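> Provided herewith: data.csv, CSV, C-alpha atoms.
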chain,number,residue,atom,x,y,z
F,6,MET,CA,192.2,25.3,-100.8
F,7,ASN,CA,192.5,23.3,-104.0
F,8,ILE,CA,189.5,24.1,-106.2
F,9,SER,CA,188.7,22.4,-109.5
F,10,PHE,CA,185.8,22.2,-111.9
F,11,ARG,CA,184.3,19.5,-114.1
F,12,LEU,CA,181.1,18.6,-115.8
F,13,SER,CA,178.6,17.1,-113.4
F,14,LYS,CA,178.0,13.4,-113.2
F,15,LYS,CA,174.8,11.6,-112.3
F,16,GLU,CA,176.4,10.4,-109.0
F,17,ASP,CA,176.6,14.0,-107.8
F,18,GLY,CA,172.9,14.0,-107.4
F,19,ASP,CA,173.0,12.3,-104.0
F,20,GLU,CA,175.1,15.2,-102.6
F,21,LEU,CA,172.8,17.7,-104.3
F,22,ILE,CA,169.8,16.2,-102.5
F,23,ARG,CA,171.6,16.3,-99.2
F,24,TRP,CA,172.5,20.0,-99.6
F,25,LEU,CA,168.9,20.9,-100.5
F,26,ASP,CA,167.4,18.9,-97.7
F,27,SER,CA,167.5,21.6,-95.0
F,28,PRO,CA,164.9,24.2,-94.1
F,29,GLU,CA,167.3,27.2,-94.5
F,30,VAL,CA,168.3,26.1,-98.0
F,31,LEU,CA,164.8,25.2,-99.1
F,32,ARG,CA,163.7,28.7,-98.1
F,33,ASN,CA,165.6,29.8,-101.2
F,34,PHE,CA,164.0,27.3,-103.6
F,35,PRO,CA,160.5,26.6,-104.7
F,36,MET,CA,160.7,23.0,-103.5
F,37,HIS,CA,158.9,22.0,-100.3
F,38,ASN,CA,159.7,18.4,-99.4
F,39,MET,CA,161.8,15.4,-100.4
F,40,TYR,CA,159.5,14.4,-103.2
F,41,GLU,CA,159.8,17.8,-104.8
F,42,ILE,CA,163.6,18.0,-104.1
F,43,LYS,CA,164.1,14.7,-105.9
F,44,ASP,CA,162.0,15.9,-108.8
F,45,ALA,CA,164.0,19.1,-109.1
F,46,VAL,CA,167.3,17.2,-108.8
F,47,ASN,CA,166.2,14.8,-111.6
F,48,ILE,CA,165.4,17.8,-113.8
F,49,TRP,CA,168.8,19.4,-112.9
F,50,LEU,CA,170.7,16.2,-113.7
F,51,SER,CA,168.9,15.8,-117.1
F,52,TYR,CA,171.1,18.8,-118.2
F,53,ILE,CA,174.2,16.8,-117.8
F,54,GLN,CA,173.8,15.3,-121.2
F,55,LEU,CA,173.8,18.8,-122.6
F,56,ASN,CA,177.1,19.7,-120.8
F,57,ALA,CA,175.1,22.3,-118.9
F,58,SER,CA,175.8,21.2,-115.3
F,59,ILE,CA,179.1,22.1,-113.6
F,60,SER,CA,180.4,20.5,-110.4
F,61,CYS,CA,183.1,22.1,-108.3
F,62,GLU,CA,185.4,20.1,-106.0
F,63,VAL,CA,187.5,21.4,-103.1
F,64,ASP,CA,190.4,19.2,-102.1
F,65,GLY,CA,188.8,16.4,-104.1
F,66,LYS,CA,185.4,16.6,-102.4
F,67,LEU,CA,182.2,17.8,-104.1
F,68,ALA,CA,181.6,21.4,-102.9
F,69,GLY,CA,179.2,23.0,-105.3
F,70,MET,CA,177.1,22.6,-108.4
F,71,SER,CA,175.5,24.9,-111.0
F,72,VAL,CA,173.1,24.2,-113.9
F,73,LEU,CA,172.2,26.2,-117.0
F,74,TYR,CA,168.6,25.3,-117.9
F,75,LEU,CA,169.2,25.5,-121.7
F,76,GLN,CA,166.2,26.4,-123.8
F,77,LEU,CA,164.6,23.9,-126.1
F,78,PHE,CA,163.2,26.4,-128.6
F,79,GLU,CA,165.4,28.0,-131.2
F,80,LYS,CA,164.5,31.6,-130.7
F,81,LEU,CA,165.0,31.4,-126.9
F,82,LYS,CA,168.3,29.5,-127.1
F,83,HIS,CA,170.6,32.5,-126.7
F,84,GLN,CA,169.6,32.9,-123.1
F,85,CYS,CA,168.7,30.7,-120.1
F,86,LEU,CA,167.9,30.5,-116.5
F,87,PHE,CA,170.6,29.1,-114.2
F,88,ALA,CA,170.9,27.9,-110.6
F,89,ILE,CA,173.8,27.4,-108.3
F,90,ILE,CA,174.4,25.8,-104.8
F,91,THR,CA,177.3,25.1,-102.6
F,92,SER,CA,177.7,22.5,-99.9
F,93,PRO,CA,177.0,23.6,-96.3
F,94,GLU,CA,180.6,23.0,-95.4
F,95,CYS,CA,181.9,25.3,-98.1
F,96,ARG,CA,179.6,28.3,-97.7
F,97,GLY,CA,181.2,31.7,-97.0
F,98,LYS,CA,184.6,30.5,-98.4
F,99,GLY,CA,184.4,32.0,-101.8
F,100,VAL,CA,183.5,28.7,-103.5
F,101,GLY,CA,180.2,30.0,-104.8
F,102,SER,CA,181.9,33.0,-106.3
F,103,LYS,CA,184.5,30.9,-108.1
F,104,LEU,CA,181.8,28.4,-109.3
F,105,LEU,CA,179.7,31.3,-110.6
F,106,GLU,CA,182.6,32.8,-112.5
F,107,TYR,CA,183.5,29.4,-114.0
F,108,THR,CA,179.8,28.7,-114.9
F,109,LEU,CA,179.4,32.1,-116.7
F,110,ASN,CA,182.6,31.5,-118.7
F,111,HIS,CA,181.3,28.0,-119.6
F,112,ALA,CA,178.0,29.5,-120.6
F,113,LYS,CA,179.7,32.0,-122.9
F,114,GLU,CA,182.6,30.1,-124.4
F,115,THR,CA,181.3,26.5,-124.6
F,116,LEU,CA,177.5,26.9,-124.8
F,117,HIS,CA,177.6,30.2,-126.7
F,118,LEU,CA,174.9,31.9,-124.6
F,119,GLU,CA,174.5,35.6,-124.8
F,120,LYS,CA,172.9,36.2,-121.5
F,121,VAL,CA,171.8,34.3,-118.4
F,122,HIS,CA,169.2,35.1,-115.8
F,123,LEU,CA,168.4,33.9,-112.3
F,124,GLU,CA,165.8,33.9,-109.6
F,125,VAL,CA,166.7,34.8,-106.1
F,126,TYR,CA,164.2,35.0,-103.2
F,127,GLU,CA,164.2,38.0,-100.9
F,128,GLY,CA,166.4,37.5,-97.9
F,129,ASN,CA,168.8,35.2,-99.7
F,130,PRO,CA,172.4,36.4,-99.0
F,131,ALA,CA,173.4,35.2,-102.4
F,132,PHE,CA,171.8,38.3,-103.8
F,133,ARG,CA,174.9,40.3,-102.9
F,134,LEU,CA,177.2,37.7,-104.7
F,135,TYR,CA,175.1,38.1,-107.8
F,136,GLU,CA,175.3,41.9,-107.6
F,137,ARG,CA,179.1,41.8,-107.2
F,138,SER,CA,179.3,39.5,-110.2
F,139,GLY,CA,177.6,42.0,-112.4
F,140,PHE,CA,174.0,40.7,-112.4
F,141,ILE,CA,171.4,43.4,-112.7
F,142,GLU,CA,167.9,43.2,-111.2
F,143,TYR,CA,165.3,43.6,-113.9
F,144,GLY,CA,162.2,43.0,-111.8
F,145,LYS,CA,160.5,41.7,-108.7
F,146,HIS,CA,157.6,39.3,-108.5
F,147,THR,CA,156.0,40.0,-105.1
F,148,HIS,CA,154.2,37.3,-103.1
F,149,PHE,CA,155.8,34.7,-105.4
F,150,LEU,CA,156.4,31.8,-103.0
F,151,LYS,CA,153.8,30.9,-100.4
F,152,ASP,CA,155.6,29.0,-97.5
F,153,GLY,CA,152.9,28.3,-95.0
F,154,GLU,CA,151.3,31.7,-94.5
F,155,GLU,CA,154.4,33.6,-95.4
F,156,TYR,CA,154.8,35.1,-98.9
F,157,ILE,CA,158.2,35.6,-100.3
F,158,THR,CA,159.2,37.9,-103.1
F,159,LYS,CA,161.1,36.6,-106.1
F,160,ILE,CA,163.8,38.9,-107.5
F,161,VAL,CA,164.9,38.3,-111.1
F,162,MET,CA,168.4,39.3,-112.2
F,163,GLU,CA,170.3,38.9,-115.5
F,164,LYS,CA,173.7,39.4,-116.9
F,165,GLU,CA,174.9,39.8,-120.5
F,166,LEU,CA,177.9,37.6,-121.3
R,28,MET,CA,127.0,39.2,-135.7
R,29,LYS,CA,130.0,40.9,-134.1
R,30,ASN,CA,130.2,39.2,-130.8
R,31,ILE,CA,129.5,35.5,-131.4
R,32,THR,CA,129.8,34.6,-127.7
R,33,GLU,CA,126.4,36.1,-127.1
R,34,SER,CA,124.9,33.7,-129.6
R,35,GLY,CA,123.0,30.7,-128.4
R,36,GLU,CA,125.4,28.7,-130.7
R,37,TYR,CA,128.5,29.5,-128.7
R,38,ASP,CA,129.6,27.4,-125.7
R,39,LEU,CA,132.6,26.5,-123.6
R,40,ARG,CA,133.6,23.1,-122.5
R,41,PHE,CA,136.6,21.4,-121.0
R,42,SER,CA,139.3,20.6,-123.6
R,43,GLU,CA,139.6,17.0,-124.4
R,44,GLN,CA,141.9,14.6,-126.3
R,45,GLY,CA,141.4,15.2,-129.9
R,46,ASP,CA,141.2,19.1,-129.6
R,47,GLU,CA,145.0,19.4,-130.0
R,48,HIS,CA,144.9,19.2,-133.8
R,49,HIS,CA,143.2,22.6,-133.8
R,50,LEU,CA,146.2,24.1,-131.9
R,51,LEU,CA,148.6,22.6,-134.4
R,52,GLU,CA,146.6,24.1,-137.2
R,53,TRP,CA,146.3,27.6,-135.7
R,54,PHE,CA,149.9,27.6,-134.7
R,55,LYS,CA,150.9,27.4,-138.3
R,56,TRP,CA,149.1,30.6,-139.3
R,57,PRO,CA,151.3,33.4,-140.5
R,58,GLY,CA,152.4,35.6,-137.6
R,59,MET,CA,151.2,33.2,-134.9
R,60,SER,CA,154.7,32.5,-133.7
R,61,GLU,CA,155.1,36.1,-132.8
R,62,ASN,CA,153.1,35.4,-129.7
R,63,PHE,CA,154.5,31.9,-128.8
R,64,PRO,CA,158.0,30.5,-128.3
R,65,PHE,CA,157.9,28.1,-131.2
R,66,GLU,CA,159.1,28.6,-134.8
R,67,THR,CA,159.5,25.2,-136.4
R,68,GLN,CA,157.0,22.4,-136.9
R,69,ARG,CA,158.9,20.2,-134.3
R,70,GLU,CA,158.6,23.1,-131.8
R,71,ARG,CA,154.9,23.5,-132.5
R,72,GLU,CA,154.4,19.8,-131.8
R,73,ILE,CA,156.3,20.0,-128.5
R,74,PHE,CA,154.3,23.0,-127.4
R,75,THR,CA,151.0,21.4,-128.4
R,76,LYS,CA,151.9,18.2,-126.5
R,77,ASN,CA,152.7,20.3,-123.4
R,78,TRP,CA,149.4,22.1,-123.7
R,79,ALA,CA,147.4,18.9,-124.2
R,80,SER,CA,149.1,17.3,-121.2
R,81,PHE,CA,147.0,19.6,-119.0
R,82,PHE,CA,143.6,18.5,-120.5
R,83,ARG,CA,143.3,15.7,-117.9
R,84,TYR,CA,143.5,18.1,-115.0
R,85,LYS,CA,140.4,20.0,-116.3
R,86,CYS,CA,142.3,23.2,-116.4
R,87,ALA,CA,141.9,23.8,-120.1
R,88,LEU,CA,138.8,25.2,-121.9
R,89,THR,CA,137.7,24.9,-125.5
R,90,ALA,CA,135.3,27.4,-127.2
R,91,VAL,CA,132.8,26.0,-129.7
R,92,TYR,CA,130.7,28.0,-132.1
R,93,LYS,CA,128.2,26.3,-134.4
R,94,GLY,CA,129.7,22.9,-133.5
R,95,LYS,CA,133.3,24.0,-134.5
R,96,VAL,CA,136.2,24.6,-132.2
R,97,VAL,CA,137.1,28.3,-132.4
R,98,GLY,CA,139.5,28.9,-129.4
R,99,MET,CA,141.3,27.3,-126.5
R,100,ALA,CA,142.9,28.4,-123.2
R,101,VAL,CA,144.9,26.5,-120.7
R,102,LEU,CA,146.4,27.1,-117.3
R,103,PHE,CA,149.8,25.4,-116.9
R,104,LEU,CA,149.6,24.4,-113.2
R,105,MET,CA,152.7,24.4,-111.1
R,106,PRO,CA,153.8,21.1,-109.5
R,107,TYR,CA,155.4,22.4,-106.3
R,108,LYS,CA,153.4,23.3,-103.2
R,109,LYS,CA,154.9,26.7,-102.7
R,110,VAL,CA,153.9,27.8,-106.2
R,111,SER,CA,150.7,25.7,-106.4
R,112,ARG,CA,148.6,28.8,-106.3
R,113,HIS,CA,150.0,30.0,-109.6
R,114,GLY,CA,148.8,29.3,-113.1
R,115,MET,CA,150.6,30.2,-116.4
R,116,LEU,CA,148.0,31.1,-119.0
R,117,TYR,CA,148.1,30.5,-122.7
R,118,PHE,CA,145.2,31.1,-125.1
R,119,ILE,CA,144.5,31.1,-128.8
R,120,VAL,CA,141.6,32.0,-131.0
R,121,ASP,CA,141.0,30.6,-134.5
R,122,PRO,CA,142.5,33.4,-136.7
R,123,ARG,CA,139.3,33.3,-138.8
R,124,VAL,CA,137.2,34.1,-135.7
R,125,GLN,CA,139.2,36.8,-134.0
R,126,ARG,CA,137.8,40.0,-132.6
R,127,LYS,CA,134.4,38.4,-132.0
R,128,GLY,CA,134.6,38.1,-128.2
R,129,VAL,CA,136.1,34.6,-128.1
R,130,GLY,CA,139.4,35.6,-126.5
R,131,SER,CA,137.6,37.7,-123.8
R,132,SER,CA,135.2,34.8,-123.1
R,133,LEU,CA,138.0,32.3,-122.8
R,134,ILE,CA,140.1,34.5,-120.5
R,135,LYS,CA,137.1,35.5,-118.3
R,136,ASN,CA,136.1,31.9,-117.8
R,137,ILE,CA,139.6,30.4,-117.4
R,138,ILE,CA,140.3,33.0,-114.7
R,139,HIS,CA,137.1,32.0,-113.0
R,140,LEU,CA,138.0,28.3,-113.3
R,141,GLY,CA,141.5,29.0,-111.8
R,142,LYS,CA,140.0,30.9,-108.9
R,143,THR,CA,137.2,28.6,-108.0
R,144,ARG,CA,138.4,25.1,-109.0
R,145,PHE,CA,142.1,25.4,-108.3
R,146,ALA,CA,142.1,28.2,-105.6
R,147,LEU,CA,144.7,30.1,-107.6
R,148,GLU,CA,145.9,33.3,-106.2
R,149,ARG,CA,147.5,34.6,-109.4
R,150,ILE,CA,147.4,33.8,-113.1
R,151,TYR,CA,150.2,35.2,-115.3
R,152,LEU,CA,151.4,35.0,-118.8
R,153,ASP,CA,154.2,36.2,-121.1
R,154,VAL,CA,153.5,38.7,-123.8
R,155,TYR,CA,156.3,39.3,-126.3
R,156,GLU,CA,157.3,42.9,-127.0
R,157,GLY,CA,155.2,44.5,-129.7
R,158,SER,CA,152.4,42.0,-129.5
R,159,ASN,CA,148.9,43.5,-130.0
R,160,ALA,CA,147.7,41.2,-127.2
R,161,LYS,CA,149.0,43.5,-124.5
R,162,PRO,CA,146.3,46.2,-124.7
R,163,PHE,CA,143.7,43.4,-124.9
R,164,LEU,CA,145.1,41.7,-121.8
R,165,GLU,CA,145.1,45.0,-119.9
R,166,HIS,CA,141.5,45.4,-120.8
R,167,CYS,CA,140.9,41.9,-119.3
R,168,GLY,CA,142.5,43.0,-116.0
R,169,PHE,CA,146.1,42.0,-116.4
R,170,THR,CA,148.8,44.3,-115.2
R,171,GLU,CA,152.5,44.2,-116.0
R,172,VAL,CA,154.8,42.7,-113.3
R,173,LEU,CA,158.1,43.1,-115.1
R,174,PHE,CA,159.8,43.5,-118.4
R,175,GLN,CA,162.8,41.4,-119.5
R,176,GLU,CA,164.8,42.5,-122.5
R,177,LYS,CA,166.1,40.4,-125.4
R,178,VAL,CA,164.3,37.2,-124.4
R,179,VAL,CA,163.5,36.3,-128.0
R,180,LYS,CA,166.0,36.3,-130.9
R,181,GLY,CA,164.5,36.1,-134.3
R,182,ALA,CA,166.0,34.5,-137.3
R,183,ASN,CA,166.9,38.0,-138.5
R,184,GLY,CA,169.0,38.5,-135.4
R,185,LYS,CA,166.5,41.0,-133.9
R,186,TYR,CA,165.7,40.8,-130.2
R,187,LYS,CA,162.4,41.2,-128.5
R,188,GLY,CA,161.6,41.4,-124.8
R,189,ARG,CA,158.8,39.9,-122.8
R,190,HIS,CA,156.2,41.5,-120.6
R,191,LEU,CA,155.2,39.3,-117.6
R,192,MET,CA,151.6,40.2,-116.9
R,193,GLU,CA,149.3,38.9,-114.2
R,194,VAL,CA,145.9,39.0,-112.5
R,195,SER,CA,146.2,38.6,-108.8
R,196,PHE,CA,143.5,37.7,-106.3
R,197,ILE,CA,145.5,38.4,-103.1
Would you mind giving the structure from this file in structure tokens?

Amino acid sequence: MNISFRLSKKEDGDELIRWLDSPEVLRNFPMHNMYEIKDAVNIWLSYIQLNASISCEVDGKLAGMSVLYLQLFEKLKHQCLFAIITSPECRGKGVGSKLLEYTLNHAKETLHLEKVHLEVYEGNPAFRLYERSGFIEYGKHTHFLKDGEEYITKIVMEKEL
Amino acid sequence: MKNITESGEYDLRFSEQGDEHHLLEWFKWPGMSENFPFETQREREIFTKNWASFFRYKCALTAVYKGKVVGMAVLFLMPYKKVSRHGMLYFIVDPRVQRKGVGSSLIKNIIHLGKTRFALERIYLDVYEGSNAKPFLEHCGFTEVLFQEKVVKGANGKYKGRHLMEVSFI
């Protein structure tokens, strides 16, 4: 498996939409339908100009993306929320783990962030990846998402860089 | 008179275009940035613009006393369906009229508005570590959901955490 990383490009957005457009994946995100997916992807891609979105390729094919939602206000700029996703074809192959490692390094060395935090919804297997990568849970927001009649708890985790 | 909200000269109305200059004025008061994410004039303007962008949804209230605007509150509504029952609250009282019941009145009424008009199930807000707003908000029925360390970094290099507090109706 030949894995490489680069800054994201606007054209990556179509794949990002495809990856998000599945009920199993959407369970782990606040978006509900294609309208919301496209809105969220537009916001994600707006961070390209800040060098804050990373794309990962496996054997030359887009396999994952991450984004650091850099803060606008000066006194919040040392930390930010981030998100990560891998293509359905590359899940369970260690791609997410490598992309996460690369993203955290980019956050520290290039963007000079001191800490990053993330939101993971209860039941998302990525929780274990975050734990293994040194993220610490600092709280839970119960009943956060309401998907139909089901409530889903949001777990918040952070890592000092 | 201690509590001006009991006066016949006190009223609440929906915020409207033109109210935002009061926000900008109050935001400049010494110490005000301790409770908000902004620090510079540019940041105050951005924050004011965000706040005012919710006026058209009728989810923002303005308190008026003797014809003068003395406080404002807003619910930042969430754009996605799965979080559409949430509102993020911000409020501010004219520093010259604090401790006269305006904050309580704004919060009580914006909670009612959130519940009845927008069918919100929870309203939350961030309170920065050390803020004297925390006991006041607890008095208004908010409870702490979580605490995150080192969210704010001051110009002096000192960090502050944030308390996420909420009122929930579920």
> Counting only C-alpha atoms, which residues of chain R come no farther than 9 Å from chain F, as a ChimeraX atom specification?
/R:64-67,70,106-113,172-182,197
> Tell me which of R:His48, R:Arg69, R:Arg40, R:Arg126 sits closest to Thr89 in chain R, counting only C-alpha atoms.
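Among R:His48, R:Arg69, R:Arg40, R:Arg126, it is R:Arg40 that comes nearest to Thr89 in chain R.
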> Might you pull out every residue within 12 Å of Phe87 in chain F, with only C-alpha atoms counted and same-chain residues fewer than 2 positions away left off, and present them as a PDB file with C-alpha atoms, in the coordinates of the input?

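File written: selection-v1.pdb
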ATOM      1  CA  TRP F  49     168.800  19.400-112.900  1.00  0.00           C
ATOM      2  CA  TYR F  52     171.100  18.800-118.200  1.00  0.00           C
ATOM      3  CA  ALA F  57     175.100  22.300-118.900  1.00  0.00           C
ATOM      4  CA  SER F  58     175.800  21.200-115.300  1.00  0.00           C
ATOM      5  CA  ILE F  59     179.100  22.100-113.600  1.00  0.00           C
ATOM      6  CA  MET F  70     177.100  22.600-108.400  1.00  0.00           C
ATOM      7  CA  SER F  71     175.500  24.900-111.000  1.00  0.00           C
ATOM      8  CA  VAL F  72     173.100  24.200-113.900  1.00  0.00           C
ATOM      9  CA  LEU F  73     172.200  26.200-117.000  1.00  0.00           C
ATOM     10  CA  TYR F  74     168.600  25.300-117.900  1.00  0.00           C
ATOM     11  CA  LEU F  75     169.200  25.500-121.700  1.00  0.00           C
ATOM     12  CA  GLN F  76     166.200  26.400-123.800  1.00  0.00           C
ATOM     13  CA  GLN F  84     169.600  32.900-123.100  1.00  0.00           C
ATOM     14  CA  CYS F  85     168.700  30.700-120.100  1.00  0.00           C
ATOM     15  CA  ILE F  89     173.800  27.400-108.300  1.00  0.00           C
ATOM     16  CA  ILE F  90     174.400  25.800-104.800  1.00  0.00           C
ATOM     17  CA  LEU F 105     179.700  31.300-110.600  1.00  0.00           C
ATOM     18  CA  THR F 108     179.800  28.700-114.900  1.00  0.00           C
ATOM     19  CA  LEU F 109     179.400  32.100-116.700  1.00  0.00           C
ATOM     20  CA  ALA F 112     178.000  29.500-120.600  1.00  0.00           C
ATOM     21  CA  LEU F 118     174.900  31.900-124.600  1.00  0.00           C
ATOM     22  CA  LYS F 120     172.900  36.200-121.500  1.00  0.00           C
ATOM     23  CA  VAL F 121     171.800  34.300-118.400  1.00  0.00           C
ATOM     24  CA  HIS F 122     169.200  35.100-115.800  1.00  0.00           C
ATOM     25  CA  LEU F 123     168.400  33.900-112.300  1.00  0.00           C
ATOM     26  CA  GLU F 124     165.800  33.900-109.600  1.00  0.00           C
ATOM     27  CA  VAL F 125     166.700  34.800-106.100  1.00  0.00           C
ATOM     28  CA  TYR F 135     175.100  38.100-107.800  1.00  0.00           C
ATOM     29  CA  VAL F 161     164.900  38.300-111.100  1.00  0.00           C
ATOM     30  CA  MET F 162     168.400  39.300-112.200  1.00  0.00           C
ATOM     31  CA  GLU F 163     170.300  38.900-115.500  1.00  0.00           C
ATOM     32  CA  LYS F 164     173.700  39.400-116.900  1.00  0.00           C
TER      33      LYS F 164
END
> If we count all atoms listed in the file, what is near Phe41 in chain R at a cut-off of 10 Å, once residues fewer than 3 positions away on the same chain are taken out, given as a list in words?
Phe82, Arg83, Tyr84, Lys85, Cys86, Ala87, Leu88, Thr89, Ala90, Met99, Ala100 and Val101 of chain R
> Those residues you just picked out, can you put them in a file as a PDB file, in the frame of the given file with C-alpha atoms?

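New file out.pdb:
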ATOM      1  CA  PHE R  82     143.600  18.500-120.500  1.00  0.00           C
ATOM      2  CA  ARG R  83     143.300  15.700-117.900  1.00  0.00           C
ATOM      3  CA  TYR R  84     143.500  18.100-115.000  1.00  0.00           C
ATOM      4  CA  LYS R  85     140.400  20.000-116.300  1.00  0.00           C
ATOM      5  CA  CYS R  86     142.300  23.200-116.400  1.00  0.00           C
ATOM      6  CA  ALA R  87     141.900  23.800-120.100  1.00  0.00           C
ATOM      7  CA  LEU R  88     138.800  25.200-121.900  1.00  0.00           C
ATOM      8  CA  THR R  89     137.700  24.900-125.500  1.00  0.00           C
ATOM      9  CA  ALA R  90     135.300  27.400-127.200  1.00  0.00           C
ATOM     10  CA  MET R  99     141.300  27.300-126.500  1.00  0.00           C
ATOM     11  CA  ALA R 100     142.900  28.400-123.200  1.00  0.00           C
ATOM     12  CA  VAL R 101     144.900  26.500-120.700  1.00  0.00           C
TER      13      VAL R 101
END
> Counting all atoms listed in the file, write as a PyMOL selection string all protein and nucleic acid residues lying at most 12 Å from (132.6, 38.1, -131.6) in the file's frame.
chain R and resi 28-34+36-37+90+92+97-98+120-121+123-133
> When distances are computed from only C-alpha atoms, which of F:Tyr107, F:Phe140, F:Tyr126, F:Trp24 shows the smallest separation from Ser9 in chain F?
F:Tyr107
> Give me, as a list of chain:residue names, all polymer residues having an atom no more than 9 Å from Leu21 in chain F, counting only C-alpha atoms and skipping those fewer than 3 positions away in the same chain.
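In the requested form, the answer reads F:Asp17, F:Gly18, F:Trp24, F:Leu25, F:Asp26, F:Val46, F:Gly69, F:Met70, F:Ile90, F:Thr91, F:Ser92.
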> Please list as a list in words every residue within 6 Å of Glu62 in chain F, counting only C-alpha atoms and excluding residues in the same chain fewer than 5 positions away.
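Contacts, with the query itself left out: Ile8, Ser9, Leu67 and Ala68 of chain F.
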> Might you pull out every residue within 10 Å of Trp78 in chain R, with only C-alpha atoms counted and same-chain residues fewer than 3 positions away left off, and present them as a list in words?
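So the residues in contact are Glu47, Leu50, Glu72, Ile73, Phe74, Thr75, Phe81, Phe82, Ala87, Ala100, Val101, Leu102, Phe103 and Tyr117 of chain R.
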> For CA of Ser60 in chain F and CA of Ser13 in chain F, quote the distance in Å rounded to one decimal.
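Between these atoms lies a distance of 4.9 Å.
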> Could you state the separation of CA of Ile53 in chain F and CA of Val100 in chain F in Å, given to one decimal place?
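Distance reported for this atom pair: 20.8 Å.
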> Give the answer as one residue: which of F:Arg23, F:Arg137, F:Glu29, F:Met6 has the shortest atom-to-atom distance to Cys95 in chain F, using all atoms listed in the file?
F:Met6
> Please report the interatomic distance between CA of Leu104 in chain F and CA of Gly128 in chain F in Å with one decimal.
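Distance reported for this atom pair: 21.2 Å.
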